[in-house]
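First the structure, in the form of structure tokens, and then the observations on it.
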Amino acid sequence: MSVIFTLDIGKRKRASSDLPRKDNGIFLKGNNGMCVILIHGLTGTPNEMKFIANFFNRKGYSVACPRLAYHGEPLWVLKKAKW
């Protein structure tokens with residue numbers, strides 16, 4: 001079984017704050033034809049996944065760790081996020 005997907009990492013609407021978005025995530029191209037998708041923690045950012053992302057990439061995997069909407073911003077901003 002294979003899954004084909006795309007990640008739209010273009011501009012997004014800002015949360016109800018004027019805080020700049022720190023990053024769009026980690027995207028590393030591998031050479032073995034396989035991909036690992038990493039999801040960071042609730043109040044975190046892709047930065048907390050850097051170590052494991054680099055580990056998988058050195059093993060040949062492409063790695064995608066997008067920054068989830070409103071994550072890594074103040075808690076009051078995250079509380080306004082909906083499913």
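Each chain of the structure tokens is named A, B, ... in the order shown, its residues numbered from 1; ligands are numbered from 1 in display order.
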Quiz item: Within 12 Å of A:Leu75, counting only C-alpha atoms, which residues qualify if same-chain residues fewer than 2 places away don't, as a list in words?
Solution: Ala15, Ser17, Leu42, Thr43, Gly44, Tyr70, His71, Gly72, Glu73, Val77, Leu78, Lys79, Lys80 and Ala81 of chain A
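Residues with any atom within 8 Å of stretch 62-67 of chain A, counting only C-alpha atoms and excluding same-chain neighbours fewer than 4 positions away, are Ile9, Asp23, Asn24, Gly25, Ile26, Phe27, Leu28, Lys29, Gly30, Asn31, Asn32, Gly33, Met34, Cys35, Val36, Ile37, Leu38, Ile39, His40, Thr45, Pro46, Met49, Ala53, Phe56, Asn57 and His71 of chain A.
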